[in-house]
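File shown: target-v9.pdb. Contents: PDB, C-alpha atoms, pLDDT in the B column.
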```pdb
ATOM      1  CA  MET Y   1     -31.022 -83.974 -58.388  1.00 76.00           C
ATOM      2  CA  ASN Y   2     -33.213 -80.926 -57.976  1.00 87.00           C
ATOM      3  CA  TRP Y   3     -31.350 -77.740 -58.742  1.00 93.00           C
ATOM      4  CA  PRO Y   4     -32.798 -74.361 -57.771  1.00 92.00           C
ATOM      5  CA  SER Y   5     -32.296 -71.329 -60.035  1.00 94.00           C
ATOM      6  CA  THR Y   6     -29.373 -69.442 -58.519  1.00 95.00           C
ATOM      7  CA  LYS Y   7     -27.463 -66.206 -59.089  1.00 96.00           C
ATOM      8  CA  SER Y   8     -24.157 -66.838 -60.835  1.00 96.00           C
ATOM      9  CA  ARG Y   9     -22.079 -65.087 -58.143  1.00 96.00           C
ATOM     10  CA  LYS Y  10     -23.431 -67.633 -55.616  1.00 96.00           C
ATOM     11  CA  VAL Y  11     -22.466 -70.508 -57.936  1.00 97.00           C
ATOM     12  CA  LEU Y  12     -18.959 -69.095 -58.431  1.00 97.00           C
ATOM     13  CA  SER Y  13     -18.581 -68.684 -54.661  1.00 97.00           C
ATOM     14  CA  ALA Y  14     -19.691 -72.310 -54.131  1.00 97.00           C
ATOM     15  CA  LEU Y  15     -17.148 -73.542 -56.716  1.00 98.00           C
ATOM     16  CA  ILE Y  16     -14.355 -71.670 -54.941  1.00 97.00           C
ATOM     17  CA  ASN Y  17     -15.513 -73.127 -51.602  1.00 97.00           C
ATOM     18  CA  ILE Y  18     -15.195 -76.701 -52.945  1.00 97.00           C
ATOM     19  CA  GLY Y  19     -11.608 -76.133 -54.075  1.00 98.00           C
ATOM     20  CA  TRP Y  20     -11.743 -74.451 -57.495  1.00 98.00           C
ATOM     21  CA  GLU Y  21      -9.261 -71.620 -58.012  1.00 98.00           C
ATOM     22  CA  LEU Y  22      -9.598 -68.605 -60.269  1.00 97.00           C
ATOM     23  CA  LYS Y  23      -6.800 -68.984 -62.808  1.00 97.00           C
ATOM     24  CA  ARG Y  24      -7.514 -65.976 -65.047  1.00 96.00           C
ATOM     25  CA  THR Y  25     -10.269 -63.604 -66.144  1.00 96.00           C
ATOM     26  CA  SER Y  26     -10.985 -62.299 -69.628  1.00 94.00           C
ATOM     27  CA  GLY Y  27     -14.058 -60.062 -69.631  1.00 90.00           C
ATOM     28  CA  SER Y  28     -16.930 -62.063 -68.148  1.00 87.00           C
ATOM     29  CA  HIS Y  29     -15.122 -65.384 -68.758  1.00 95.00           C
ATOM     30  CA  LYS Y  30     -13.385 -66.769 -65.693  1.00 97.00           C
ATOM     31  CA  THR Y  31     -11.099 -69.787 -66.057  1.00 98.00           C
ATOM     32  CA  LEU Y  32     -11.194 -72.004 -62.980  1.00 98.00           C
ATOM     33  CA  SER Y  33      -8.823 -74.867 -62.212  1.00 98.00           C
ATOM     34  CA  LYS Y  34      -8.795 -77.753 -59.759  1.00 98.00           C
ATOM     35  CA  ILE Y  35      -6.440 -80.713 -59.512  1.00 96.00           C
ATOM     36  CA  GLY Y  36      -8.020 -83.812 -61.052  1.00 96.00           C
ATOM     37  CA  TYR Y  37     -10.400 -81.845 -63.309  1.00 97.00           C
ATOM     38  CA  ASN Y  38     -10.133 -80.118 -66.673  1.00 97.00           C
ATOM     39  CA  ASN Y  39     -10.123 -76.315 -66.577  1.00 97.00           C
ATOM     40  CA  PHE Y  40     -13.652 -74.937 -66.403  1.00 98.00           C
ATOM     41  CA  ILE Y  41     -14.723 -71.723 -68.148  1.00 97.00           C
ATOM     42  CA  PHE Y  42     -17.303 -69.862 -66.053  1.00 97.00           C
ATOM     43  CA  ALA Y  43     -18.942 -67.421 -68.502  1.00 96.00           C
ATOM     44  CA  PHE Y  44     -21.693 -65.683 -66.562  1.00 95.00           C
ATOM     45  CA  HIS Y  45     -22.200 -62.116 -65.332  1.00 92.00           C
ATOM     46  CA  ASP Y  46     -22.540 -61.665 -61.532  1.00 87.00           C
ATOM     47  CA  ASN Y  47     -26.294 -60.972 -61.408  1.00 92.00           C
ATOM     48  CA  GLU Y  48     -27.214 -63.518 -64.060  1.00 95.00           C
ATOM     49  CA  GLU Y  49     -29.707 -66.184 -63.007  1.00 97.00           C
ATOM     50  CA  ILE Y  50     -28.542 -69.743 -63.781  1.00 97.00           C
ATOM     51  CA  GLY Y  51     -31.343 -72.261 -64.261  1.00 96.00           C
ATOM     52  CA  PRO Y  52     -31.554 -75.925 -63.194  1.00 96.00           C
ATOM     53  CA  LYS Y  53     -30.440 -77.391 -66.554  1.00 96.00           C
ATOM     54  CA  MET Y  54     -27.311 -75.253 -66.726  1.00 97.00           C
ATOM     55  CA  LEU Y  55     -26.511 -75.958 -63.061  1.00 97.00           C
ATOM     56  CA  SER Y  56     -26.738 -79.666 -63.830  1.00 96.00           C
ATOM     57  CA  ARG Y  57     -24.261 -79.258 -66.710  1.00 97.00           C
ATOM     58  CA  ILE Y  58     -21.896 -77.253 -64.507  1.00 97.00           C
ATOM     59  CA  ALA Y  59     -22.137 -79.979 -61.830  1.00 97.00           C
ATOM     60  CA  LYS Y  60     -21.145 -82.731 -64.272  1.00 96.00           C
ATOM     61  CA  GLN Y  61     -17.932 -80.875 -65.106  1.00 97.00           C
ATOM     62  CA  THR Y  62     -17.056 -79.564 -61.643  1.00 97.00           C
ATOM     63  CA  GLY Y  63     -18.400 -81.946 -58.996  1.00 97.00           C
ATOM     64  CA  LEU Y  64     -20.766 -79.274 -57.601  1.00 97.00           C
ATOM     65  CA  THR Y  65     -23.765 -80.566 -55.608  1.00 96.00           C
ATOM     66  CA  PRO Y  66     -26.997 -78.743 -54.603  1.00 94.00           C
ATOM     67  CA  GLU Y  67     -25.796 -78.838 -50.978  1.00 94.00           C
ATOM     68  CA  ASP Y  68     -22.745 -76.744 -51.949  1.00 95.00           C
ATOM     69  CA  LEU Y  69     -24.952 -73.794 -52.913  1.00 92.00           C
TER
END
```

Take the structure in this file and express it as structure tokens.
Amino acid sequence: MNWPSTKSRKVLSALINIGWELKRTSGSHKTLSKIGYNNFIFAFHDNEEIGPKMLSRIAKQTGLTPEDL
């Protein structure tokens, strides 16, 4: 899959759109939960750019696809 570099706030928004819920926030760490998945710690600042490799890792844990962005 080809992942574009994307701002972290866009990635977080996409995760929420595919069913992830914000469980709690501690500083810049946001704990997301979704039935059928382990909790996912989203540890990025809003304007941070997330590159293709990191997006691929996030996708493996969350079910995110490039079309969701």

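Excluding Ile35 (chain Y) and any residue on its chain fewer than 5 positions from it, the residues at most 10 Å away by only C-alpha atoms are Gly19, Trp20 and Glu21 of chain Y.
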
Between CA of Arg57 (chain Y) and CA of Leu69 (chain Y), what is the distance, to one decimal in Å?
-> 14.9 Å

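Every residue that the PyMOL selection byres ((chain Y and resi 46) around 9) selects in this file is listed here: Lys7, Ser8, Arg9, Lys10, Leu12, Ser28, Phe44, His45, Asn47, Glu48 and Glu49 of chain Y.
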
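Using only C-alpha atoms, the protein and nucleic acid residues lying no more than 8 Å from Leu22 (chain Y), apart from those fewer than 3 places from it along its own chain, are Y:Ile16, Y:Thr25, Y:Lys30, Y:Thr31, Y:Leu32, Y:Ser33.
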
Would you save the residues of that selection, restricted to C-alpha atoms, as a short mmCIF file (atom, residue, chain, number, x, y, z; two decimals), in the coordinates of the input?
```cif
data_model
loop_
_atom_site.label_atom_id
_atom_site.label_comp_id
_atom_site.auth_asym_id
_atom_site.auth_seq_id
_atom_site.Cartn_x
_atom_site.Cartn_y
_atom_site.Cartn_z
CA ILE Y 16 -14.36 -71.67 -54.94
CA THR Y 25 -10.27 -63.60 -66.14
CA LYS Y 30 -13.38 -66.77 -65.69
CA THR Y 31 -11.10 -69.79 -66.06
CA LEU Y 32 -11.19 -72.00 -62.98
CA SER Y 33 -8.82 -74.87 -62.21
#
```

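Under the PyMOL selection byres ((chain Y and resi 68) around 9), the matching residues in the shown file are Val11, Ala14, Leu15, Asn17, Ile18, Leu64, Thr65, Pro66, Glu67 and Leu69 of chain Y.
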
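For the pair CA of Lys53 (chain Y) and CA of Ser26 (chain Y), the interatomic distance is 24.8 Å.
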
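Separating CA of Ser56 (chain Y) from CA of Gly27 (chain Y) is a distance of 24.1 Å.
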
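For the choices Y:Ile50, Y:Gly36, Y:Ile41, Y:Leu55, the atom-to-atom distance to Thr6 (chain Y) is smallest for Y:Ile50 when using all atoms listed in the file.
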
Please check which residues have atoms at most 9 Å from (-14.7, -80.5, -65.1) in the file's coordinates, counting all atoms listed in the file, and write them as a ChimeraX atom specification.
-> /Y:33-34,36-40,58-63
